[in-house]
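The file input-v7.cif comes next; it holds mmCIF, C-alpha atoms.
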data_run
#
loop_
_atom_site.group_PDB
_atom_site.id
_atom_site.type_symbol
_atom_site.label_atom_id
_atom_site.label_comp_id
_atom_site.auth_asym_id
_atom_site.auth_seq_id
_atom_site.Cartn_x
_atom_site.Cartn_y
_atom_site.Cartn_z
ATOM 1 C CA MET A 4 0.000 0.000 0.000
ATOM 2 C CA SER A 5 1.348 3.408 -0.901
ATOM 3 C CA ASN A 6 1.846 6.228 1.603
ATOM 4 C CA ARG A 7 -0.544 8.282 -0.521
ATOM 5 C CA THR A 8 -3.342 5.728 -0.009
ATOM 6 C CA PHE A 9 -2.617 5.629 3.722
ATOM 7 C CA ILE A 10 -2.768 9.427 3.978
ATOM 8 C CA SER A 11 -6.023 9.547 2.011
ATOM 9 C CA GLN A 12 -7.557 7.049 4.468
ATOM 10 C CA PHE A 13 -6.469 9.297 7.346
ATOM 11 C CA PHE A 14 -8.439 12.204 5.893
ATOM 12 C CA LYS A 15 -11.435 10.098 4.816
ATOM 13 C CA GLN A 16 -11.685 7.969 7.949
ATOM 14 C CA LYS A 17 -10.601 10.200 10.858
ATOM 15 C CA ARG A 18 -12.517 8.035 13.349
ATOM 16 C CA MET A 19 -10.705 4.897 12.151
ATOM 17 C CA VAL A 20 -7.191 5.998 11.122
ATOM 18 C CA GLY A 21 -5.163 7.825 13.757
ATOM 19 C CA ALA A 22 -1.943 8.669 11.886
ATOM 20 C CA LEU A 23 -0.718 10.300 8.711
ATOM 21 C CA ALA A 24 1.876 7.587 8.076
ATOM 22 C CA PRO A 25 2.228 3.841 8.682
ATOM 23 C CA SER A 26 4.060 2.714 11.829
ATOM 24 C CA SER A 27 7.850 2.602 11.635
ATOM 25 C CA LYS A 28 10.083 -0.428 12.096
ATOM 26 C CA PHE A 29 11.343 1.248 15.287
ATOM 27 C CA LEU A 30 7.828 1.379 16.730
ATOM 28 C CA ALA A 31 7.266 -2.238 15.680
ATOM 29 C CA ALA A 32 10.446 -3.275 17.502
ATOM 30 C CA LYS A 33 9.457 -1.447 20.710
ATOM 31 C CA MET A 34 5.946 -2.901 20.521
ATOM 32 C CA LEU A 35 6.926 -6.515 19.893
ATOM 33 C CA ASN A 36 10.500 -7.318 20.934
ATOM 34 C CA HIS A 37 9.695 -7.791 24.642
ATOM 35 C CA LEU A 38 6.655 -10.032 24.063
ATOM 36 C CA PRO A 39 6.871 -13.863 24.253
ATOM 37 C CA ILE A 40 5.414 -14.261 20.750
ATOM 38 C CA GLU A 41 7.255 -17.546 20.161
ATOM 39 C CA LYS A 42 5.429 -19.139 23.124
ATOM 40 C CA ALA A 43 1.938 -17.808 22.363
ATOM 41 C CA SER A 44 -0.815 -20.046 21.009
ATOM 42 C CA ILE A 45 -3.342 -17.321 20.152
ATOM 43 C CA ILE A 46 -2.307 -13.805 19.185
ATOM 44 C CA VAL A 47 -4.749 -11.068 18.208
ATOM 45 C CA GLU A 48 -3.913 -7.914 16.308
ATOM 46 C CA LEU A 49 -6.418 -5.062 16.307
ATOM 47 C CA GLY A 50 -6.245 -2.458 13.554
ATOM 48 C CA PRO A 51 -3.258 -3.747 11.571
ATOM 49 C CA GLY A 52 -3.424 -0.940 8.990
ATOM 50 C CA THR A 53 -0.719 -1.794 6.459
ATOM 51 C CA GLY A 54 0.441 -4.905 8.327
ATOM 52 C CA VAL A 55 3.780 -3.665 9.710
ATOM 53 C CA PHE A 56 3.234 -5.483 13.026
ATOM 54 C CA THR A 57 1.447 -8.397 11.348
ATOM 55 C CA ASN A 58 4.516 -9.238 9.296
ATOM 56 C CA LYS A 59 6.819 -9.189 12.333
ATOM 57 C CA ILE A 60 4.424 -11.298 14.415
ATOM 58 C CA ILE A 61 4.157 -13.942 11.677
ATOM 59 C CA LYS A 62 7.950 -14.202 11.439
ATOM 60 C CA ARG A 63 8.249 -14.881 15.195
ATOM 61 C CA MET A 64 5.192 -16.969 16.046
ATOM 62 C CA ALA A 65 5.317 -20.745 16.381
ATOM 63 C CA PRO A 66 4.135 -22.758 13.349
ATOM 64 C CA ASN A 67 1.171 -24.143 15.317
ATOM 65 C CA ALA A 68 0.127 -20.734 16.720
ATOM 66 C CA HIS A 69 -2.779 -18.718 15.349
ATOM 67 C CA LEU A 70 -2.883 -15.009 14.576
ATOM 68 C CA ILE A 71 -6.298 -13.338 14.485
ATOM 69 C CA VAL A 72 -6.204 -10.022 12.623
ATOM 70 C CA ILE A 73 -9.183 -7.671 12.945
ATOM 71 C CA GLU A 74 -9.476 -4.653 10.626
ATOM 72 C CA LEU A 75 -12.533 -2.437 10.169
ATOM 73 C CA ASN A 76 -11.249 -0.140 7.401
ATOM 74 C CA ASP A 77 -12.260 -1.472 3.947
ATOM 75 C CA ILE A 78 -9.103 -0.354 2.091
ATOM 76 C CA PHE A 79 -6.726 -1.668 4.766
ATOM 77 C CA PHE A 80 -8.618 -4.971 4.987
ATOM 78 C CA GLU A 81 -8.423 -5.439 1.224
ATOM 79 C CA ASN A 82 -4.676 -4.770 1.347
ATOM 80 C CA ILE A 83 -3.908 -7.211 4.166
ATOM 81 C CA SER A 84 -6.128 -9.852 2.549
ATOM 82 C CA LYS A 85 -3.796 -9.845 -0.437
ATOM 83 C CA ASN A 86 -0.613 -9.908 1.643
ATOM 84 C CA PHE A 87 -1.366 -12.421 4.399
ATOM 85 C CA THR A 88 -2.682 -15.753 3.164
ATOM 86 C CA GLN A 89 -1.038 -18.150 5.622
ATOM 87 C CA PRO A 90 -3.446 -20.825 6.925
ATOM 88 C CA ASN A 91 -2.795 -19.916 10.582
ATOM 89 C CA VAL A 92 -3.515 -16.210 9.978
ATOM 90 C CA HIS A 93 -7.221 -15.494 10.325
ATOM 91 C CA LEU A 94 -8.318 -12.172 8.852
ATOM 92 C CA HIS A 95 -11.603 -10.640 10.001
ATOM 93 C CA HIS A 96 -13.249 -7.585 8.508
ATOM 94 C CA GLY A 97 -15.035 -6.202 11.529
ATOM 95 C CA SER A 98 -14.976 -4.406 14.834
ATOM 96 C CA ALA A 99 -12.542 -5.016 17.681
ATOM 97 C CA GLU A 100 -15.603 -5.348 19.921
ATOM 98 C CA LYS A 101 -16.114 -8.812 18.334
ATOM 99 C CA ILE A 102 -12.747 -10.073 19.605
ATOM 100 C CA GLY A 103 -14.409 -12.797 21.702
ATOM 101 C CA ASP A 104 -16.333 -14.182 18.725
ATOM 102 C CA PHE A 105 -13.154 -14.420 16.657
ATOM 103 C CA ILE A 106 -11.203 -16.117 19.470
ATOM 104 C CA HIS A 107 -14.060 -18.577 20.076
ATOM 105 C CA SER A 108 -14.185 -19.396 16.341
ATOM 106 C CA LEU A 109 -10.803 -21.126 16.835
ATOM 107 C CA GLY A 110 -12.104 -23.101 19.807
ATOM 108 C CA ALA A 111 -10.121 -20.944 22.245
ATOM 109 C CA LYS A 112 -11.256 -18.961 25.274
ATOM 110 C CA HIS A 113 -8.484 -16.363 25.495
ATOM 111 C CA ALA A 114 -5.622 -14.764 23.595
ATOM 112 C CA ASP A 115 -2.089 -14.905 24.990
ATOM 113 C CA ILE A 116 -1.098 -11.602 23.376
ATOM 114 C CA ILE A 117 -3.230 -8.779 22.013
ATOM 115 C CA VAL A 118 -1.483 -6.108 19.926
ATOM 116 C CA SER A 119 -3.426 -2.953 19.132
ATOM 117 C CA SER A 120 -2.966 0.019 16.850
ATOM 118 C CA LEU A 121 -6.470 1.349 17.473
ATOM 119 C CA PRO A 122 -6.576 5.149 17.745
ATOM 120 C CA PHE A 123 -8.363 5.250 21.103
ATOM 121 C CA THR A 124 -7.972 9.030 21.441
ATOM 122 C CA VAL A 125 -10.328 9.629 18.492
ATOM 123 C CA PHE A 126 -12.941 7.117 19.693
ATOM 124 C CA PRO A 127 -15.893 8.192 21.808
ATOM 125 C CA SER A 128 -15.131 7.144 25.404
ATOM 126 C CA GLU A 129 -17.995 4.614 25.397
ATOM 127 C CA VAL A 130 -16.544 2.820 22.353
ATOM 128 C CA ARG A 131 -12.994 2.926 23.751
ATOM 129 C CA ASP A 132 -14.142 1.564 27.117
ATOM 130 C CA ALA A 133 -16.249 -1.191 25.510
ATOM 131 C CA ILE A 134 -13.274 -2.367 23.434
ATOM 132 C CA LEU A 135 -10.871 -2.206 26.388
ATOM 133 C CA ASN A 136 -13.282 -4.226 28.527
ATOM 134 C CA LYS A 137 -13.531 -6.879 25.781
ATOM 135 C CA ILE A 138 -9.739 -6.968 25.499
ATOM 136 C CA HIS A 139 -9.469 -7.494 29.252
ATOM 137 C CA GLU A 140 -12.177 -10.176 29.205
ATOM 138 C CA PHE A 141 -10.540 -12.205 26.416
ATOM 139 C CA LEU A 142 -6.894 -11.804 27.450
ATOM 140 C CA ASN A 143 -5.302 -14.830 29.095
ATOM 141 C CA PRO A 144 -4.765 -14.086 32.825
ATOM 142 C CA GLU A 145 -0.973 -14.289 32.261
ATOM 143 C CA GLY A 146 -1.173 -12.584 28.863
ATOM 144 C CA TYR A 147 -0.062 -9.219 27.527
ATOM 145 C CA PHE A 148 -1.923 -6.373 25.884
ATOM 146 C CA VAL A 149 0.271 -3.892 24.022
ATOM 147 C CA GLN A 150 -1.049 -0.647 22.517
ATOM 148 C CA PHE A 151 0.583 2.430 21.059
ATOM 149 C CA GLN A 152 -0.777 5.960 21.149
ATOM 150 C CA TYR A 153 0.570 9.391 20.292
ATOM 151 C CA SER A 154 -0.237 10.830 23.706
ATOM 152 C CA LEU A 155 -0.688 9.772 27.321
ATOM 153 C CA HIS A 156 -4.481 10.291 27.191
ATOM 154 C CA SER A 157 -5.172 6.529 27.383
ATOM 155 C CA LYS A 158 -3.134 6.031 30.551
ATOM 156 C CA LYS A 159 -6.034 6.611 32.951
ATOM 157 C CA ALA A 160 -8.420 4.308 31.046
ATOM 158 C CA LEU A 161 -5.810 1.526 30.865
ATOM 159 C CA ASN A 162 -4.898 1.875 34.547
ATOM 160 C CA GLN A 163 -8.556 1.467 35.478
ATOM 161 C CA ILE A 164 -8.785 -1.864 33.646
ATOM 162 C CA PHE A 165 -5.360 -3.502 33.999
ATOM 163 C CA ILE A 166 -3.345 -4.283 37.146
ATOM 164 C CA LYS A 167 -0.025 -3.324 35.516
ATOM 165 C CA THR A 168 0.607 -0.722 32.835
ATOM 166 C CA LYS A 169 4.164 -0.072 31.703
ATOM 167 C CA ILE A 170 4.846 2.868 29.374
ATOM 168 C CA ASN A 171 7.684 3.081 26.874
ATOM 169 C CA PHE A 172 8.402 5.727 24.225
ATOM 170 C CA THR A 173 9.906 5.856 20.761
ATOM 171 C CA PRO A 174 10.827 9.148 19.132
ATOM 172 C CA LEU A 175 11.729 7.224 15.945
ATOM 173 C CA ASN A 176 8.211 7.179 14.536
ATOM 174 C CA PHE A 177 6.057 9.799 12.845
ATOM 175 C CA PRO A 178 4.617 11.027 15.057
ATOM 176 C CA PRO A 179 6.600 9.803 18.096
ATOM 177 C CA ALA A 180 4.641 7.201 20.049
ATOM 178 C CA PHE A 181 3.997 5.920 23.552
ATOM 179 C CA ILE A 182 3.815 2.139 23.971
ATOM 180 C CA TYR A 183 1.625 0.742 26.726
ATOM 181 C CA THR A 184 2.220 -2.838 27.845
ATOM 182 C CA CYS A 185 -0.582 -4.039 30.111
ATOM 183 C CA SER A 186 -1.265 -7.189 32.090
ATOM 184 C CA LYS A 187 -3.810 -8.576 34.525
ATOM 185 C CA VAL A 188 -1.201 -9.668 37.088
#
Let's see the structure in the file written out as structure tokens.
Amino acid sequence: MSNRTFISQFFKQKRMVGALAPSSKFLAAKMLNHLPIEKASIIVELGPGTGVFTNKIIKRMAPNAHLIVIELNDIFFENISKNFTQPNVHLHHGSAEKIGDFIHSLGAKHADIIVSSLPFTVFPSEVRDAILNKIHEFLNPEGYFVQFQYSLHSKKALNQIFIKTKINFTPLNFPPAFIYTCSKV
């Protein structure tokens, strides 16, 4: 997908696309390098956009693991559908609020890791809170939820739902990003 297409989606879909440019490899490294992806059975990615994180997750996950990818944007979904055709990668064109349905469709109860690029700061608080509650509900008790944002506005909402919230930062992204790593224990 071209940067021009990505930028056009930002202006057309301001409630769905939170950035002017795709995530950088530096942000992907800070988001994923500390996660035990190799040991996870079920991984969920919310809002993959162009698939920067998707590609890195696939390279690290075990051959018998499953990656559930949920994208609401029509253009982004069409793009990832062409690029990710592995049998253990399950693409869903829909809302992150349906995370439980997609996990259950694999016969599982929880995800071990949930990676999110959802632009929570542009969502109405009711939508953000509903999605965060679903993430918490369907995250393995020992699992990890990792989310990036361009501000610290989500900190309070995440702290209300998760026991632990660790914040990291990468200036090597446009715009620079905060990375939240959350857990239930």
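With only C-alpha atoms as the basis for measurement, A:Ala65 is the residue among A:Leu121, A:Ala180, A:Ile73, A:Ala65 that approaches A:Pro39 most closely.
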Go through A:His69, A:Glu81, A:Lys137, A:Asn76 one by one, measure the shortest atom-to-atom distance of each to A:Asp104 using all atoms listed in the file, and give the residue with the smallest value.
A:Lys137
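Taking all atoms listed in the file into account, A:Asn162 lies nearest to A:Cys185 out of the set A:Val149, A:Leu38, A:Cys185, A:Ala99.
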Using only C-alpha atoms, give me every residue within 12 Å of (3.7, 1.3, 32.7) in file coordinates, as a list in words.
Phe148, Val149, Gln150, Leu155, Ser157, Lys158, Lys159, Leu161, Asn162, Phe165, Ile166, Lys167, Thr168, Lys169, Ile170, Asn171, Phe172, Phe181, Ile182, Tyr183, Thr184, Cys185 and Ser186 of chain A
Please report as JSON lines every residue of stretch 68-87 of chain A lying within 9 Å of stretch 49-58 of chain A, along with the nearest atom pair and their distance in Å (one decimal), using all atoms listed in the file.
{"residue": "A:Leu70", "atom": "CA", "partner": "A:Thr57", "partner_atom": "CA", "distance": 8.5}
{"residue": "A:Ile71", "atom": "CA", "partner": "A:Leu49", "partner_atom": "CA", "distance": 8.5}
{"residue": "A:Val72", "atom": "CA", "partner": "A:Leu49", "partner_atom": "CA", "distance": 6.2}
{"residue": "A:Ile73", "atom": "CA", "partner": "A:Leu49", "partner_atom": "CA", "distance": 5.1}
{"residue": "A:Glu74", "atom": "CA", "partner": "A:Gly50", "partner_atom": "CA", "distance": 4.9}
{"residue": "A:Leu75", "atom": "CA", "partner": "A:Gly50", "partner_atom": "CA", "distance": 7.1}
{"residue": "A:Asn76", "atom": "CA", "partner": "A:Gly52", "partner_atom": "CA", "distance": 8.0}
{"residue": "A:Ile78", "atom": "CA", "partner": "A:Gly52", "partner_atom": "CA", "distance": 9.0}
{"residue": "A:Phe79", "atom": "CA", "partner": "A:Gly52", "partner_atom": "CA", "distance": 5.4}
{"residue": "A:Phe80", "atom": "CA", "partner": "A:Gly52", "partner_atom": "CA", "distance": 7.7}
{"residue": "A:Asn82", "atom": "CA", "partner": "A:Thr53", "partner_atom": "CA", "distance": 7.1}
{"residue": "A:Ile83", "atom": "CA", "partner": "A:Gly54", "partner_atom": "CA", "distance": 6.4}
{"residue": "A:Asn86", "atom": "CA", "partner": "A:Gly54", "partner_atom": "CA", "distance": 8.4}
{"residue": "A:Phe87", "atom": "CA", "partner": "A:Asn58", "partner_atom": "CA", "distance": 8.3}
Export of prior selection with C-alpha atoms as a PDB file, in the frame of the given file:
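Written out: part-v3.pdb:
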ATOM      1  CA  LEU A  70      -2.883 -15.009  14.576  1.00  0.00           C
ATOM      2  CA  ILE A  71      -6.298 -13.338  14.485  1.00  0.00           C
ATOM      3  CA  VAL A  72      -6.204 -10.022  12.623  1.00  0.00           C
ATOM      4  CA  ILE A  73      -9.183  -7.671  12.945  1.00  0.00           C
ATOM      5  CA  GLU A  74      -9.476  -4.653  10.626  1.00  0.00           C
ATOM      6  CA  LEU A  75     -12.533  -2.437  10.169  1.00  0.00           C
ATOM      7  CA  ASN A  76     -11.249  -0.140   7.401  1.00  0.00           C
ATOM      8  CA  ILE A  78      -9.103  -0.354   2.091  1.00  0.00           C
ATOM      9  CA  PHE A  79      -6.726  -1.668   4.766  1.00  0.00           C
ATOM     10  CA  PHE A  80      -8.618  -4.971   4.987  1.00  0.00           C
ATOM     11  CA  ASN A  82      -4.676  -4.770   1.347  1.00  0.00           C
ATOM     12  CA  ILE A  83      -3.908  -7.211   4.166  1.00  0.00           C
ATOM     13  CA  ASN A  86      -0.613  -9.908   1.643  1.00  0.00           C
ATOM     14  CA  PHE A  87      -1.366 -12.421   4.399  1.00  0.00           C
TER      15      PHE A  87
END
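Taking atom CA of A:Arg63 and atom CA of A:Leu35 as the two end points, the separation is 9.7 Å.
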Atom CA of A:Met34 and atom CA of A:Pro127, how far apart in Å?
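We find that atom CA of A:Pro127 and atom CA of A:Met34 lie 24.5 Å from each other.
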Between A:Tyr153, A:Phe29, A:Phe141, A:Tyr147, which is the closest to A:Ala43 once you count all atoms listed in the file?
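Of A:Tyr153, A:Phe29, A:Phe141, A:Tyr147, the one nearest A:Ala43 is A:Tyr147, counting all atoms listed in the file.
Using only C-alpha atoms, the shortest contact distance between A:His95 and any of A:Glu41, A:Glu48, A:Asp115, A:Glu145 is found at A:Glu48.
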Out of A:Ser154, A:Ile134, A:Ser128, A:Pro122, which residue has the shortest atom-to-atom distance to A:Ser98 when counting all atoms listed in the file?
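Checking each candidate against A:Ser98, we get A:Ile134 as the closest.
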Taking the file as shown, find all residues satisfying the PyMOL selection byres ((chain A and resi 109) around 10) and write them as number ranges by chain.
A: 45, 69, 71, 93, 104-108, 110-112
